[in-house]
>>> print(open('data-v7.cif').read())   # mmCIF, C-alpha atoms
data_protein
#
loop_
_atom_site.group_PDB
_atom_site.id
_atom_site.type_symbol
_atom_site.label_atom_id
_atom_site.label_comp_id
_atom_site.auth_asym_id
_atom_site.auth_seq_id
_atom_site.Cartn_x
_atom_site.Cartn_y
_atom_site.Cartn_z
ATOM 1 C CA MET M 156 130.623 185.106 81.626
ATOM 2 C CA ARG M 157 132.143 181.996 80.160
ATOM 3 C CA ILE M 158 131.016 178.476 80.741
ATOM 4 C CA VAL M 159 132.192 175.009 79.780
ATOM 5 C CA ILE M 160 129.356 172.492 79.684
ATOM 6 C CA GLN M 161 130.170 168.801 79.903
ATOM 7 C CA ARG M 162 127.489 166.140 79.550
ATOM 8 C CA VAL M 163 128.292 163.512 82.160
ATOM 9 C CA THR M 164 127.059 160.202 83.470
ATOM 10 C CA GLN M 165 128.586 161.152 86.817
ATOM 11 C CA ALA M 166 130.642 163.974 88.326
ATOM 12 C CA SER M 167 131.841 165.031 91.744
ATOM 13 C CA VAL M 168 133.936 167.664 93.461
ATOM 14 C CA THR M 169 136.113 166.902 96.465
ATOM 15 C CA ILE M 170 137.629 169.440 98.862
ATOM 16 C CA ASN M 171 140.121 168.306 101.539
ATOM 17 C CA HIS M 172 139.310 164.642 100.820
ATOM 18 C CA LYS M 173 135.567 165.227 101.407
ATOM 19 C CA VAL M 174 132.956 165.123 98.640
ATOM 20 C CA LYS M 175 131.277 168.547 98.473
ATOM 21 C CA GLY M 176 128.943 167.885 95.544
ATOM 22 C CA GLU M 177 128.136 165.015 93.231
ATOM 23 C CA ILE M 178 125.677 164.137 90.498
ATOM 24 C CA GLY M 179 124.737 161.238 88.303
ATOM 25 C CA MET M 180 123.525 161.908 84.767
ATOM 26 C CA GLY M 181 123.507 165.606 83.981
ATOM 27 C CA LEU M 182 125.803 168.518 83.278
ATOM 28 C CA LEU M 183 129.065 169.599 84.848
ATOM 29 C CA LEU M 184 129.384 173.369 84.449
ATOM 30 C CA LEU M 185 132.682 175.214 84.804
ATOM 31 C CA ALA M 186 131.778 178.908 85.194
ATOM 32 C CA GLY M 187 134.005 181.976 85.004
ATOM 33 C CA PHE M 188 133.020 185.598 85.534
ATOM 34 C CA THR M 189 134.283 189.072 84.657
ATOM 35 C CA ALA M 190 133.683 192.416 86.365
ATOM 36 C CA GLU M 191 131.487 193.422 83.406
ATOM 37 C CA ASP M 192 129.011 190.537 83.812
ATOM 38 C CA THR M 193 125.416 191.543 84.457
ATOM 39 C CA GLU M 194 122.203 189.907 85.631
ATOM 40 C CA GLU M 195 121.264 189.614 81.951
ATOM 41 C CA ASP M 196 124.442 187.608 81.231
ATOM 42 C CA LEU M 197 123.689 185.234 84.091
ATOM 43 C CA LYS M 198 120.056 184.772 83.033
ATOM 44 C CA TRP M 199 120.967 184.211 79.387
ATOM 45 C CA ILE M 200 123.514 181.493 80.189
ATOM 46 C CA ALA M 201 121.294 179.839 82.821
ATOM 47 C CA HIS M 202 118.386 179.685 80.361
ATOM 48 C CA LYS M 203 120.597 178.298 77.587
ATOM 49 C CA VAL M 204 122.092 175.636 79.868
ATOM 50 C CA VAL M 205 118.794 174.182 81.052
ATOM 51 C CA GLN M 206 117.247 174.287 77.561
ATOM 52 C CA LEU M 207 120.278 173.054 75.590
ATOM 53 C CA ARG M 208 119.233 169.922 73.706
ATOM 54 C CA ILE M 209 122.296 167.712 74.067
ATOM 55 C CA PHE M 210 120.838 164.504 75.503
ATOM 56 C CA SER M 211 119.761 161.646 73.257
ATOM 57 C CA ASP M 212 116.117 160.880 72.538
ATOM 58 C CA ALA M 213 114.645 157.446 71.722
ATOM 59 C CA GLU M 214 116.119 157.677 68.208
ATOM 60 C CA ASP M 215 119.593 158.499 69.574
ATOM 61 C CA LYS M 216 119.447 162.096 68.343
ATOM 62 C CA MET M 217 120.571 164.926 70.623
ATOM 63 C CA ASN M 218 117.099 166.332 71.093
ATOM 64 C CA LEU M 219 116.510 166.504 74.861
ATOM 65 C CA SER M 220 117.561 169.007 77.516
ATOM 66 C CA VAL M 221 118.856 168.313 81.020
ATOM 67 C CA GLN M 222 115.349 169.187 82.214
ATOM 68 C CA ASP M 223 113.774 166.701 79.795
ATOM 69 C CA VAL M 224 115.928 163.846 81.111
ATOM 70 C CA GLN M 225 115.563 164.999 84.738
ATOM 71 C CA GLY M 226 119.327 165.305 85.010
ATOM 72 C CA ASP M 227 121.317 167.163 87.624
ATOM 73 C CA LEU M 228 123.776 170.061 87.575
ATOM 74 C CA LEU M 229 127.148 170.482 89.249
ATOM 75 C CA VAL M 230 128.574 174.029 89.033
ATOM 76 C CA ILE M 231 132.247 174.748 89.679
ATOM 77 C CA SER M 232 133.735 178.259 89.744
ATOM 78 C CA GLN M 233 136.603 178.473 87.274
ATOM 79 C CA PHE M 234 138.389 181.831 86.997
ATOM 80 C CA THR M 235 140.999 180.257 84.694
ATOM 81 C CA LEU M 236 138.430 180.331 81.861
ATOM 82 C CA PHE M 237 139.533 183.944 81.450
ATOM 83 C CA ALA M 238 143.231 183.146 81.132
ATOM 84 C CA ASN M 239 145.047 185.448 78.749
ATOM 85 C CA THR M 240 147.884 183.537 77.071
ATOM 86 C CA LYS M 241 148.947 186.052 74.413
ATOM 87 C CA LYS M 242 152.248 187.050 76.045
ATOM 88 C CA GLY M 243 154.789 184.715 77.554
ATOM 89 C CA ASN M 244 154.130 181.321 79.049
ATOM 90 C CA ARG M 245 152.458 182.333 82.296
ATOM 91 C CA PRO M 246 148.730 183.052 81.843
ATOM 92 C CA SER M 247 147.332 186.329 83.106
ATOM 93 C CA TYR M 248 143.968 186.353 84.851
ATOM 94 C CA ILE M 249 143.354 190.114 84.885
ATOM 95 C CA ASN M 250 140.104 189.660 82.930
ATOM 96 C CA ALA M 251 138.601 187.402 85.609
ATOM 97 C CA ALA M 252 136.422 189.115 88.196
ATOM 98 C CA PRO M 253 138.035 189.468 91.634
ATOM 99 C CA PRO M 254 136.409 187.374 94.389
ATOM 100 C CA ALA M 255 134.433 190.322 95.799
ATOM 101 C CA LEU M 256 132.576 190.531 92.471
ATOM 102 C CA ALA M 257 132.773 186.918 91.318
ATOM 103 C CA ILE M 258 131.315 185.285 94.449
ATOM 104 C CA PRO M 259 127.944 187.107 94.253
ATOM 105 C CA LEU M 260 127.800 186.420 90.490
ATOM 106 C CA TYR M 261 128.507 182.730 91.075
ATOM 107 C CA GLU M 262 125.914 182.478 93.849
ATOM 108 C CA ARG M 263 123.295 184.276 91.747
ATOM 109 C CA PHE M 264 124.022 182.010 88.766
ATOM 110 C CA VAL M 265 123.506 178.912 90.935
ATOM 111 C CA LYS M 266 120.222 180.391 92.243
ATOM 112 C CA LEU M 267 118.992 181.062 88.690
ATOM 113 C CA LEU M 268 119.800 177.476 87.716
ATOM 114 C CA GLU M 269 117.952 176.144 90.769
ATOM 115 C CA GLU M 270 114.904 178.249 89.891
ATOM 116 C CA ALA M 271 114.969 177.034 86.283
ATOM 117 C CA MET M 272 115.484 173.380 87.234
ATOM 118 C CA GLY M 273 113.105 173.402 90.203
ATOM 119 C CA LYS M 274 115.639 171.574 92.363
ATOM 120 C CA LYS M 275 118.935 171.961 94.184
ATOM 121 C CA VAL M 276 122.077 172.408 92.136
ATOM 122 C CA GLN M 277 125.312 170.860 93.408
ATOM 123 C CA THR M 278 128.340 173.134 93.748
ATOM 124 C CA GLY M 279 131.968 173.304 94.622
ATOM 125 C CA GLU M 280 133.323 175.978 96.933
ATOM 126 C CA PHE M 281 134.445 179.283 95.488
ATOM 127 C CA GLY M 282 138.212 179.734 95.798
ATOM 128 C CA ALA M 283 138.874 176.298 97.274
ATOM 129 C CA ASP M 284 141.412 173.811 95.950
ATOM 130 C CA MET M 285 138.973 171.382 94.361
ATOM 131 C CA LYS M 286 139.428 167.981 92.794
ATOM 132 C CA VAL M 287 136.838 167.488 90.072
ATOM 133 C CA SER M 288 136.068 164.019 88.789
ATOM 134 C CA LEU M 289 133.813 163.290 85.842
ATOM 135 C CA LEU M 290 132.823 160.692 83.329
ATOM 136 C CA ASN M 291 132.149 162.686 80.171
ATOM 137 C CA ASP M 292 129.285 161.198 78.174
ATOM 138 C CA GLY M 293 129.763 161.215 74.416
ATOM 139 C CA PRO M 294 132.057 163.063 74.904
ATOM 140 C CA VAL M 295 129.960 166.218 74.711
ATOM 141 C CA THR M 296 131.728 169.444 75.711
ATOM 142 C CA ILE M 297 130.377 172.870 74.757
ATOM 143 C CA THR M 298 131.642 176.358 75.538
ATOM 144 C CA MET M 299 129.567 179.529 75.752
ATOM 145 C CA ASP M 300 130.398 183.171 76.341
ATOM 146 C CA SER M 301 127.653 185.622 77.282
ATOM 147 C CA LYS M 302 129.427 188.367 75.339
ATOM 148 C CA ASN M 303 129.433 186.265 72.146
ATOM 149 C CA ARG M 304 125.824 185.209 71.589
ATOM 150 C CA GLU M 305 126.099 183.943 68.024
#
>>> encode(input="data-v7.cif", output="structure tokens")
Amino acid sequence: MRIVIQRVTQASVTINHKVKGEIGMGLLLLAGFTAEDTEEDLKWIAHKVVQLRIFSDAEDKMNLSVQDVQGDLLVISQFTLFANTKKGNRPSYINAAPPALAIPLYERFVKLLEEAMGKKVQTGEFGADMKVSLLNDGPVTITMDSKNRE
């Protein structure tokens, strides 16, 4: 599993000119999955996301988590995080999980985040043509891969 975490002051996702999900201060998560991803991968990333200390404290040091600041989460499925660009100019997505595998992984990941946060997590719609809008705060953008836990 790969994830791009963006600290935002606001973010939203629109599908067919209708807002599907939106948040104020919090994290926008772009999540991609492979066929090899396990429950352990999902739990590890979910735990890291909600505990990641990337919000400023009273001394303006990144010392607080999204939970600490009572922020929100918006999760967008993003198979293109597994683009392979080694050959040619057209990316290959063979490493991304097919929808039959990716959808349950995505839904389980959202559920794990909701359990950890103790509140509803906003989402896009798997496979839809989505328009994502955000105001990156900082900017703070972090990537994680569950297969590279350094």
>>> residues_near_point(input="data-v7.cif", point="(132.0, 178.3, 90.3)", cutoff="9 Å", atoms="all atoms listed in the file", output="JSON, numbers by chain")
{"M": [184, 185, 186, 187, 188, 230, 231, 232, 233, 234, 257, 258, 261, 262, 264, 265, 278, 279, 280, 281, 282]}
>>> resolve_selection(input="data-v7.cif", expression="the PyMOL selection byres ((chain M and resi 223) around 12)", output="MDAnalysis selection string")
chainID M and resid 180:181 205:212 217:222 224:227 272
>>> closest_residue(input="data-v7.cif", among="M:Ser288, M:Asn303, M:Thr189, M:Thr164", to="Leu236 in chain M", atoms="all atoms listed in the file")
M:Thr189
>>> residues_around(input="data-v7.cif", residues="range 160-162 of chain M", least_positions_apart="3", cutoff="7 Å", atoms="only C-alpha atoms", output="PyMOL selection string")
chain M and resi 181-185+291-292+295-298
>>> residues_near_point(input="data-v7.cif", point="(122.6, 177.3, 80.6)", cutoff="6 Å", atoms="all atoms listed in the file", output="PyMOL selection string")
chain M and resi 200-205
>>> write_last_selection(input="data-v7.cif", atoms="C-alpha atoms", output="mmCIF file, keeping the file's coordinate frame")
data_model
loop_
_atom_site.group_PDB
_atom_site.id
_atom_site.type_symbol
_atom_site.label_atom_id
_atom_site.label_comp_id
_atom_site.auth_asym_id
_atom_site.auth_seq_id
_atom_site.Cartn_x
_atom_site.Cartn_y
_atom_site.Cartn_z
ATOM 1 C CA ILE M 200 123.514 181.493 80.189
ATOM 2 C CA ALA M 201 121.294 179.839 82.821
ATOM 3 C CA HIS M 202 118.386 179.685 80.361
ATOM 4 C CA LYS M 203 120.597 178.298 77.587
ATOM 5 C CA VAL M 204 122.092 175.636 79.868
ATOM 6 C CA VAL M 205 118.794 174.182 81.052
#
>>> atom_distance(input="data-v7.cif", atom1="CA of Trp199 in chain M", atom2="CA of Glu269 in chain M")
14.3 Å
>>> atom_distance(input="data-v7.cif", atom1="CA of Thr193 in chain M", atom2="CA of Ser167 in chain M")
28.2 Å
>>> axis_aligned_box(input="data-v7.cif", around="range 174-183 of chain M", padding_each_side="5 Å", output="AutoDock Vina command-line options")
--center_x 128.2 --center_y 165.4 --center_z 91.0 --size_x 19.4 --size_y 18.4 --size_z 25.4
>>> closest_residue(input="data-v7.cif", among="M:Met285, M:Leu228, M:Leu267, M:Val168", to="Glu194 in chain M", atoms="all atoms listed in the file")
M:Leu267
>>> closest_residue(input="data-v7.cif", among="M:Ile158, M:Leu256, M:Val163, M:Ile178", to="Pro294 in chain M", atoms="all atoms listed in the file")
M:Val163
>>> closest_residue(input="data-v7.cif", among="M:Glu195, M:Glu270, M:Glu305, M:Asp300", to="Phe237 in chain M", atoms="only C-alpha atoms")
M:Asp300
>>> atom_distance(input="data-v7.cif", atom1="CA of Ala166 in chain M", atom2="CA of Val287 in chain M")
7.3 Å
>>> closest_residue(input="data-v7.cif", among="M:Leu197, M:Val276, M:Val159, M:Leu268", to="Lys302 in chain M", atoms="only C-alpha atoms")
M:Leu197
>>> decode(input="data-v7.cif", residues="range 227-303 of chain M", atoms="C-alpha atoms", output="mmCIF file, in the first residue's frame")
data_model
loop_
_atom_site.group_PDB
_atom_site.id
_atom_site.type_symbol
_atom_site.label_atom_id
_atom_site.label_comp_id
_atom_site.auth_asym_id
_atom_site.auth_seq_id
_atom_site.Cartn_x
_atom_site.Cartn_y
_atom_site.Cartn_z
ATOM 1 C CA ASP M 227 -10.648 15.391 9.708
ATOM 2 C CA LEU M 228 -9.631 12.909 7.015
ATOM 3 C CA LEU M 229 -10.522 12.735 3.338
ATOM 4 C CA VAL M 230 -9.435 9.494 1.612
ATOM 5 C CA ILE M 231 -9.224 9.218 -2.170
ATOM 6 C CA SER M 232 -8.401 5.981 -4.011
ATOM 7 C CA GLN M 233 -5.422 6.534 -6.289
ATOM 8 C CA PHE M 234 -4.237 3.538 -8.330
ATOM 9 C CA THR M 235 -1.773 5.780 -10.198
ATOM 10 C CA LEU M 236 0.478 5.750 -7.106
ATOM 11 C CA PHE M 237 1.702 2.428 -8.483
ATOM 12 C CA ALA M 238 2.592 3.779 -11.918
ATOM 13 C CA ASN M 239 5.638 2.124 -13.421
ATOM 14 C CA THR M 240 7.486 4.639 -15.607
ATOM 15 C CA LYS M 241 10.688 2.709 -16.344
ATOM 16 C CA LYS M 242 9.920 1.966 -20.006
ATOM 17 C CA GLY M 243 8.560 4.396 -22.541
ATOM 18 C CA ASN M 244 6.411 7.412 -21.851
ATOM 19 C CA ARG M 245 3.121 5.717 -21.034
ATOM 20 C CA PRO M 246 2.957 4.550 -17.398
ATOM 21 C CA SER M 247 2.021 0.960 -16.669
ATOM 22 C CA TYR M 248 -0.313 0.208 -13.780
ATOM 23 C CA ILE M 249 0.173 -3.567 -13.602
ATOM 24 C CA ASN M 250 1.354 -3.303 -9.979
ATOM 25 C CA ALA M 251 -1.909 -1.689 -8.847
ATOM 26 C CA ALA M 252 -4.541 -4.048 -7.474
ATOM 27 C CA PRO M 253 -7.490 -4.658 -9.814
ATOM 28 C CA PRO M 254 -10.823 -3.233 -8.597
ATOM 29 C CA ALA M 255 -12.068 -6.603 -7.304
ATOM 30 C CA LEU M 256 -9.178 -6.594 -4.811
ATOM 31 C CA ALA M 257 -8.639 -2.862 -4.361
ATOM 32 C CA ILE M 258 -12.224 -1.919 -3.437
ATOM 33 C CA PRO M 259 -12.379 -4.154 -0.323
ATOM 34 C CA LEU M 260 -8.889 -2.960 0.699
ATOM 35 C CA TYR M 261 -9.943 0.670 0.290
ATOM 36 C CA GLU M 262 -13.170 0.151 2.240
ATOM 37 C CA ARG M 263 -11.342 -1.681 5.036
ATOM 38 C CA PHE M 264 -8.705 1.070 5.217
ATOM 39 C CA VAL M 265 -11.427 3.719 5.591
ATOM 40 C CA LYS M 266 -13.077 1.617 8.336
ATOM 41 C CA LEU M 267 -9.769 1.296 10.219
ATOM 42 C CA LEU M 268 -9.280 5.062 10.035
ATOM 43 C CA GLU M 269 -12.815 5.667 11.320
ATOM 44 C CA GLU M 270 -12.201 3.299 14.236
ATOM 45 C CA ALA M 271 -8.909 5.016 15.079
ATOM 46 C CA MET M 272 -10.348 8.531 14.775
ATOM 47 C CA GLY M 273 -13.675 7.745 16.445
ATOM 48 C CA LYS M 274 -15.580 9.585 13.722
ATOM 49 C CA LYS M 275 -16.634 9.412 10.091
ATOM 50 C CA VAL M 276 -13.970 9.715 7.431
ATOM 51 C CA GLN M 277 -14.833 11.507 4.187
ATOM 52 C CA THR M 278 -14.188 9.661 0.927
ATOM 53 C CA GLY M 279 -14.299 9.883 -2.800
ATOM 54 C CA GLU M 280 -15.815 7.125 -4.903
ATOM 55 C CA PHE M 281 -13.639 4.254 -6.043
ATOM 56 C CA GLY M 282 -13.131 4.302 -9.815
ATOM 57 C CA ALA M 283 -15.013 7.550 -10.399
ATOM 58 C CA ASP M 284 -13.662 10.536 -12.307
ATOM 59 C CA MET M 285 -13.013 12.797 -9.334
ATOM 60 C CA LYS M 286 -11.988 16.417 -9.069
ATOM 61 C CA VAL M 287 -9.945 16.924 -5.917
ATOM 62 C CA SER M 288 -9.444 20.397 -4.516
ATOM 63 C CA LEU M 289 -7.159 21.214 -1.617
ATOM 64 C CA LEU M 290 -5.364 23.979 0.166
ATOM 65 C CA ASN M 291 -2.105 22.383 1.279
ATOM 66 C CA ASP M 292 -0.984 23.722 4.649
ATOM 67 C CA GLY M 293 2.742 24.312 4.989
ATOM 68 C CA PRO M 294 3.030 22.758 2.456
ATOM 69 C CA VAL M 295 3.346 19.398 4.188
ATOM 70 C CA THR M 296 3.271 16.346 1.906
ATOM 71 C CA ILE M 297 4.511 12.936 3.047
ATOM 72 C CA THR M 298 4.595 9.587 1.270
ATOM 73 C CA MET M 299 4.523 6.156 2.893
ATOM 74 C CA ASP M 300 4.735 2.622 1.562
ATOM 75 C CA SER M 301 3.708 -0.304 3.758
ATOM 76 C CA LYS M 302 6.396 -2.461 2.153
ATOM 77 C CA ASN M 303 9.125 0.057 3.060
#
